[in-house]
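**Student:** I'd like to ask some things about the structure below.
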Amino acid sequence: MIRLGSASPVTTRVSVRPQLLRWACERGHIQPEALAQRFPRFAEWETGEKQPTLRQLEAFARASRTPIGFFFLSEPPKERIPIPDFRTIADKPVGRPSADLLDTIYLCQQRQAWYRENARMEGEPPLDFVGSGSRSDAIEAVADQIRTALRFDLEERRRLSSWAAALRRFIDQANDLGVLVMVSGVVGSNNRRRLDYREFRGFALADDLAPVIFVNGTDSKAAQMFTLAHELAHIWLGESALSDSEDRVVPDHGTERFCNQVAAEILAPLHVVRDEHRAAAPIQTETSRLARRFKVSTLVVLRRLHELGALTRQQYRDAYNEELNRLRAIAQNSGGNFYASAGARVSKRFARAVLAATLEGRSSYTDAFHLLGFRKMATFTKRSRRLGLTS
């Protein structure tokens, strides 16, 4: 039982179980030491020697990104990810999800629900590609179906100047197909809540009217492209999923292996890699050249070369681990620039639908601001003009 005093919020003490405070720190991925300066009495709260005031508890709830109602429970709640979680390490599920991950999924589910209802009102037909594939299908066949539906042109991709340009084009192709692709490195529009690509790289919310793909924008451009292709494979299977977070040679889960294989075949078809491969070139030089040619990560190229038989299993593992360490060093030394966001936080298709519905009076400005992450009317007006909805 939680007991409140009868004084003002400034002096009202709240009896909170210490394990709830520790749980909130873990949930928010916050070290207790980091809160010591802002909450000097935290150590005493944690031991139960003292209790926070109601105002202090409200401030702590905001700092730890925890709904304040949770602190009035007798024990920490068991929060579950609301979609199938295929992230594993050594065949074991990944630990407790962070508040940032959960809030990102919840926001995308809210966006999906709004768009689904709007699509029904507009009489939009179901998307026949959602759930059209099966894990029993040939990898090459599924990849070819996706490339054809996207109008994915390998020669066009070769001519693009950078991975960023290739990623923008890939996102546009998926959006044109009817998939709501959202790429962001933060929770909603809160730049202080940066996502961690080591926790998750992306997820898919399958739906035949409003399929959603979220890509973690803190990852590299090449990695984001692979994540988008991977999540498209989940959409083709008709399965919502949170994707594996580990950099690994072979994922533990069968569905993840299938989607990885489809993604690699979409981006770098094996028969084209075979034709392009220069066997006499040094492996590092050849890996970099093919990565630029297909606008994929060097890790994808190494996987493809192994599948061609150009690398033995041990050579592949050694080269993969060496390249993975090199990429991590680049990311660490670049101050995060290597893992810059694509700047496409909300799908263009989704934004257009919300803005149009709001301008027509079918949706409220309050809902629009929440769904799109806007804070100012000027932003609403600017985006409407950019999408050609107003003059």
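Residues are referred to by chain and number: the chain letter is A, B, ... according to the order shown in the structure tokens, the number counts from 1 in that chain, and ligands are numbered separately from 1 in the order shown.
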With a cut-off of 9 Å, could you pull out the residues of segment 39-136 of chain A touching segment 24-34 of chain A and give me the nearest pair of atoms for each, distance in Å to one decimal, using only C-alpha atoms, ordered by chain and ascending number, as a tab-separated table?

**Tutor:**
```
residue	atom	partner	partner_atom	distance
A:Phe42	CA	A:Pro32	CA	8.0
A:Ala43	CA	A:Pro32	CA	8.3
A:Ala61	CA	A:Ala24	CA	8.1
A:Ala63	CA	A:Gly28	CA	8.5
A:Ser64	CA	A:Gly28	CA	5.2
A:Arg65	CA	A:Gly28	CA	6.0
A:Thr66	CA	A:Ala24	CA	6.4
A:Phe70	CA	A:Ala24	CA	8.9
A:Phe71	CA	A:Ala24	CA	8.7
A:Pro76	CA	A:Ala24	CA	8.5
A:Arg96	CA	A:Arg27	CA	7.2
A:Pro97	CA	A:Arg27	CA	7.0
A:Ser98	CA	A:Arg27	CA	5.0
A:Ala99	CA	A:Gly28	CA	5.4
A:Asp100	CA	A:Gly28	CA	7.4
```

**Student:** Leaving out Arg158 of chain A and any residue of its chain fewer than 6 positions from it, which residues lie within 8 Å of it when counting only C-alpha atoms, given as a list of chain:residue names?

**Tutor:**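 Listed by chain and then number, they are A:Arg292, A:Arg293, A:Phe294, A:Lys295.
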
**Student:** Next, dump the selected residues to file, keeping only C-alpha atoms, as a CSV table (one decimal), in the first residue's frame.

**Tutor:**
```
chain,number,residue,atom,x,y,z
A,292,ARG,CA,30.4,0.6,-53.4
A,293,ARG,CA,29.0,-1.0,-56.5
A,294,PHE,CA,25.9,-2.5,-54.8
A,295,LYS,CA,25.7,0.3,-52.1
```

**Student:** Could you tell me, as a PyMOL selection string, which residues of segment 91-294 of chain A DSSP assigns to alpha helix (DSSP H) when given the backbone?

**Tutor:** chain A and resi 99-121+139-150+154-159+163-177+221-237+254-267+270-276+283-294

**Student:** Near Ala141 of chain A, counting only C-alpha atoms, which residues have an atom at most 12 Å away, once you skip same-chain residues fewer than 6 positions from it, shown as a PDB file with N, CA and C atoms, in the first residue's frame?

**Tutor:**
```pdb
ATOM      1  N   SER A 132       2.354 -12.631 -48.867  1.00  0.00           N
ATOM      2  CA  SER A 132       2.349 -13.433 -50.093  1.00  0.00           C
ATOM      3  C   SER A 132       3.486 -14.445 -50.141  1.00  0.00           C
ATOM      4  N   GLY A 133       4.464 -14.314 -49.248  1.00  0.00           N
ATOM      5  CA  GLY A 133       5.610 -15.207 -49.244  1.00  0.00           C
ATOM      6  C   GLY A 133       5.553 -16.225 -48.126  1.00  0.00           C
ATOM      7  N   SER A 134       6.448 -17.204 -48.219  1.00  0.00           N
ATOM      8  CA  SER A 134       6.534 -18.260 -47.215  1.00  0.00           C
ATOM      9  C   SER A 134       7.988 -18.673 -47.064  1.00  0.00           C
ATOM     10  N   ARG A 135       8.344 -19.135 -45.860  1.00  0.00           N
ATOM     11  CA  ARG A 135       9.714 -19.591 -45.645  1.00  0.00           C
ATOM     12  C   ARG A 135      10.044 -20.821 -46.473  1.00  0.00           C
ATOM     13  N   ARG A 147      12.048  -7.209 -55.463  1.00  0.00           N
ATOM     14  CA  ARG A 147      12.728  -6.271 -56.378  1.00  0.00           C
ATOM     15  C   ARG A 147      11.779  -5.815 -57.479  1.00  0.00           C
ATOM     16  N   THR A 148      11.008  -6.743 -58.022  1.00  0.00           N
ATOM     17  CA  THR A 148      10.074  -6.390 -59.098  1.00  0.00           C
ATOM     18  C   THR A 148       8.999  -5.431 -58.603  1.00  0.00           C
ATOM     19  N   ALA A 233      11.242  -8.323 -46.142  1.00  0.00           N
ATOM     20  CA  ALA A 233      11.039  -9.777 -46.184  1.00  0.00           C
ATOM     21  C   ALA A 233      10.027 -10.198 -45.126  1.00  0.00           C
ATOM     22  N   TRP A 236       6.654  -9.411 -46.452  1.00  0.00           N
ATOM     23  CA  TRP A 236       6.264 -10.405 -47.467  1.00  0.00           C
ATOM     24  C   TRP A 236       5.786 -11.690 -46.799  1.00  0.00           C
ATOM     25  N   GLN A 261      18.809 -13.770 -45.697  1.00  0.00           N
ATOM     26  CA  GLN A 261      19.166 -14.298 -47.015  1.00  0.00           C
ATOM     27  C   GLN A 261      18.401 -13.569 -48.118  1.00  0.00           C
ATOM     28  N   VAL A 262      17.116 -13.311 -47.872  1.00  0.00           N
ATOM     29  CA  VAL A 262      16.323 -12.570 -48.851  1.00  0.00           C
ATOM     30  C   VAL A 262      16.878 -11.153 -49.015  1.00  0.00           C
ATOM     31  N   GLU A 265      19.987 -11.097 -51.070  1.00  0.00           N
ATOM     32  CA  GLU A 265      19.688 -11.373 -52.480  1.00  0.00           C
ATOM     33  C   GLU A 265      19.010 -10.189 -53.150  1.00  0.00           C
ATOM     34  N   ILE A 266      18.204  -9.425 -52.405  1.00  0.00           N
ATOM     35  CA  ILE A 266      17.604  -8.214 -52.962  1.00  0.00           C
ATOM     36  C   ILE A 266      18.682  -7.210 -53.336  1.00  0.00           C
ATOM     37  N   PRO A 269      22.298  -9.547 -55.709  1.00  0.00           N
ATOM     38  CA  PRO A 269      21.968 -10.872 -56.231  1.00  0.00           C
ATOM     39  C   PRO A 269      23.232 -11.697 -56.481  1.00  0.00           C
TER      40      PRO A 269
END
```

**Student:** Hey, can you check how far atom CA of Phe129 of chain A sits from atom CA of Leu237 of chain A?

**Tutor:** 8.9 Å

**Student:** Between A:Phe170, A:Phe72, A:Phe39, A:Phe203, which has the minimum distance to Gln109 of chain A (counting only C-alpha atoms)?

**Tutor:**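 Among A:Phe170, A:Phe72, A:Phe39, A:Phe203, it is A:Phe203 that comes nearest to Gln109 of chain A.
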
**Student:** Please list as a ChimeraX atom specification every residue within 10 Å of Thr47 of chain A, counting only C-alpha atoms and excluding residues in the same chain fewer than 6 positions away.

**Tutor:** /A:17-19,21

**Student:** Counting only C-alpha atoms, which of A:Pro40, A:Gly178, A:Gly238, A:Gly185 gets nearest to Asp219 of chain A?

**Tutor:**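 Looking only at the distances to Asp219 of chain A, the closest residue turns out to be A:Gly185.
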
**Student:** Identify, on the basis of only C-alpha atoms, every residue whose closest approach to Arg303 of chain A does not exceed 9 Å; exclude the query and any residue fewer than 5 positions from it along the same chain; express the result as a PyMOL selection string.

**Tutor:** chain A and resi 249+264+298+308+311+316+320

**Student:** How about saving the chosen residues, all heavy atoms kept, as a PDB file, in the first residue's frame?

**Tutor:**
```pdb
ATOM      1  N   VAL A 249      27.465 -13.692 -37.780  1.00  0.00           N
ATOM      2  CA  VAL A 249      27.599 -14.335 -39.082  1.00  0.00           C
ATOM      3  C   VAL A 249      26.284 -14.984 -39.485  1.00  0.00           C
ATOM      4  O   VAL A 249      25.791 -14.809 -40.581  1.00  0.00           O
ATOM      5  CB  VAL A 249      28.735 -15.380 -39.060  1.00  0.00           C
ATOM      6  CG1 VAL A 249      28.807 -16.111 -40.389  1.00  0.00           C
ATOM      7  CG2 VAL A 249      30.074 -14.707 -38.762  1.00  0.00           C
ATOM      8  N   ALA A 264      19.929 -10.016 -48.507  1.00  0.00           N
ATOM      9  CA  ALA A 264      21.189 -10.037 -49.246  1.00  0.00           C
ATOM     10  C   ALA A 264      20.951 -10.249 -50.734  1.00  0.00           C
ATOM     11  O   ALA A 264      21.597  -9.621 -51.585  1.00  0.00           O
ATOM     12  CB  ALA A 264      22.097 -11.135 -48.691  1.00  0.00           C
ATOM     13  N   THR A 298      30.102  -3.776 -46.278  1.00  0.00           N
ATOM     14  CA  THR A 298      31.156  -4.738 -46.600  1.00  0.00           C
ATOM     15  C   THR A 298      30.855  -6.099 -45.977  1.00  0.00           C
ATOM     16  O   THR A 298      31.290  -7.134 -46.500  1.00  0.00           O
ATOM     17  CB  THR A 298      32.513  -4.218 -46.094  1.00  0.00           C
ATOM     18  OG1 THR A 298      32.363  -3.751 -44.741  1.00  0.00           O
ATOM     19  CG2 THR A 298      33.022  -3.075 -46.956  1.00  0.00           C
ATOM     20  N   LEU A 308      29.461 -17.652 -52.593  1.00  0.00           N
ATOM     21  CA  LEU A 308      29.989 -17.977 -53.925  1.00  0.00           C
ATOM     22  C   LEU A 308      31.055 -19.060 -53.880  1.00  0.00           C
ATOM     23  O   LEU A 308      31.386 -19.655 -54.911  1.00  0.00           O
ATOM     24  CB  LEU A 308      30.604 -16.732 -54.567  1.00  0.00           C
ATOM     25  CG  LEU A 308      29.700 -15.740 -55.274  1.00  0.00           C
ATOM     26  CD1 LEU A 308      30.519 -14.575 -55.803  1.00  0.00           C
ATOM     27  CD2 LEU A 308      28.943 -16.409 -56.408  1.00  0.00           C
ATOM     28  N   LEU A 311      35.361 -17.633 -50.422  1.00  0.00           N
ATOM     29  CA  LEU A 311      35.967 -17.651 -49.093  1.00  0.00           C
ATOM     30  C   LEU A 311      35.545 -18.936 -48.383  1.00  0.00           C
ATOM     31  O   LEU A 311      34.372 -19.324 -48.445  1.00  0.00           O
ATOM     32  CB  LEU A 311      35.488 -16.455 -48.259  1.00  0.00           C
ATOM     33  CG  LEU A 311      35.880 -15.045 -48.720  1.00  0.00           C
ATOM     34  CD1 LEU A 311      35.174 -14.010 -47.850  1.00  0.00           C
ATOM     35  CD2 LEU A 311      37.383 -14.858 -48.637  1.00  0.00           C
ATOM     36  N   TYR A 316      35.941 -16.664 -44.070  1.00  0.00           N
ATOM     37  CA  TYR A 316      34.787 -15.775 -43.922  1.00  0.00           C
ATOM     38  C   TYR A 316      34.675 -15.272 -42.488  1.00  0.00           C
ATOM     39  O   TYR A 316      34.516 -14.062 -42.252  1.00  0.00           O
ATOM     40  CB  TYR A 316      33.523 -16.530 -44.347  1.00  0.00           C
ATOM     41  CG  TYR A 316      32.221 -15.805 -44.072  1.00  0.00           C
ATOM     42  CD1 TYR A 316      32.093 -14.435 -44.306  1.00  0.00           C
ATOM     43  CD2 TYR A 316      31.111 -16.498 -43.591  1.00  0.00           C
ATOM     44  CE1 TYR A 316      30.895 -13.779 -44.058  1.00  0.00           C
ATOM     45  CE2 TYR A 316      29.916 -15.854 -43.351  1.00  0.00           C
ATOM     46  CZ  TYR A 316      29.812 -14.492 -43.582  1.00  0.00           C
ATOM     47  OH  TYR A 316      28.624 -13.857 -43.332  1.00  0.00           O
ATOM     48  N   TYR A 320      35.145 -11.488 -41.560  1.00  0.00           N
ATOM     49  CA  TYR A 320      33.954 -10.840 -41.007  1.00  0.00           C
ATOM     50  C   TYR A 320      34.277 -10.155 -39.685  1.00  0.00           C
ATOM     51  O   TYR A 320      33.940  -8.986 -39.470  1.00  0.00           O
ATOM     52  CB  TYR A 320      32.860 -11.893 -40.815  1.00  0.00           C
ATOM     53  CG  TYR A 320      31.504 -11.349 -40.405  1.00  0.00           C
ATOM     54  CD1 TYR A 320      30.504 -11.151 -41.349  1.00  0.00           C
ATOM     55  CD2 TYR A 320      31.227 -11.038 -39.075  1.00  0.00           C
ATOM     56  CE1 TYR A 320      29.259 -10.659 -40.980  1.00  0.00           C
ATOM     57  CE2 TYR A 320      29.986 -10.534 -38.702  1.00  0.00           C
ATOM     58  CZ  TYR A 320      29.005 -10.356 -39.665  1.00  0.00           C
ATOM     59  OH  TYR A 320      27.782  -9.870 -39.297  1.00  0.00           O
TER      60      TYR A 320
END
```

**Student:** Here is a test: counting only C-alpha atoms, which residue of A:Ala351, A:Ala329, A:Leu20, A:Ala59 is nearest to Glu46 of chain A?

**Tutor:**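 Between A:Ala351, A:Ala329, A:Leu20, A:Ala59, the residue approaching Glu46 of chain A most closely is A:Leu20.
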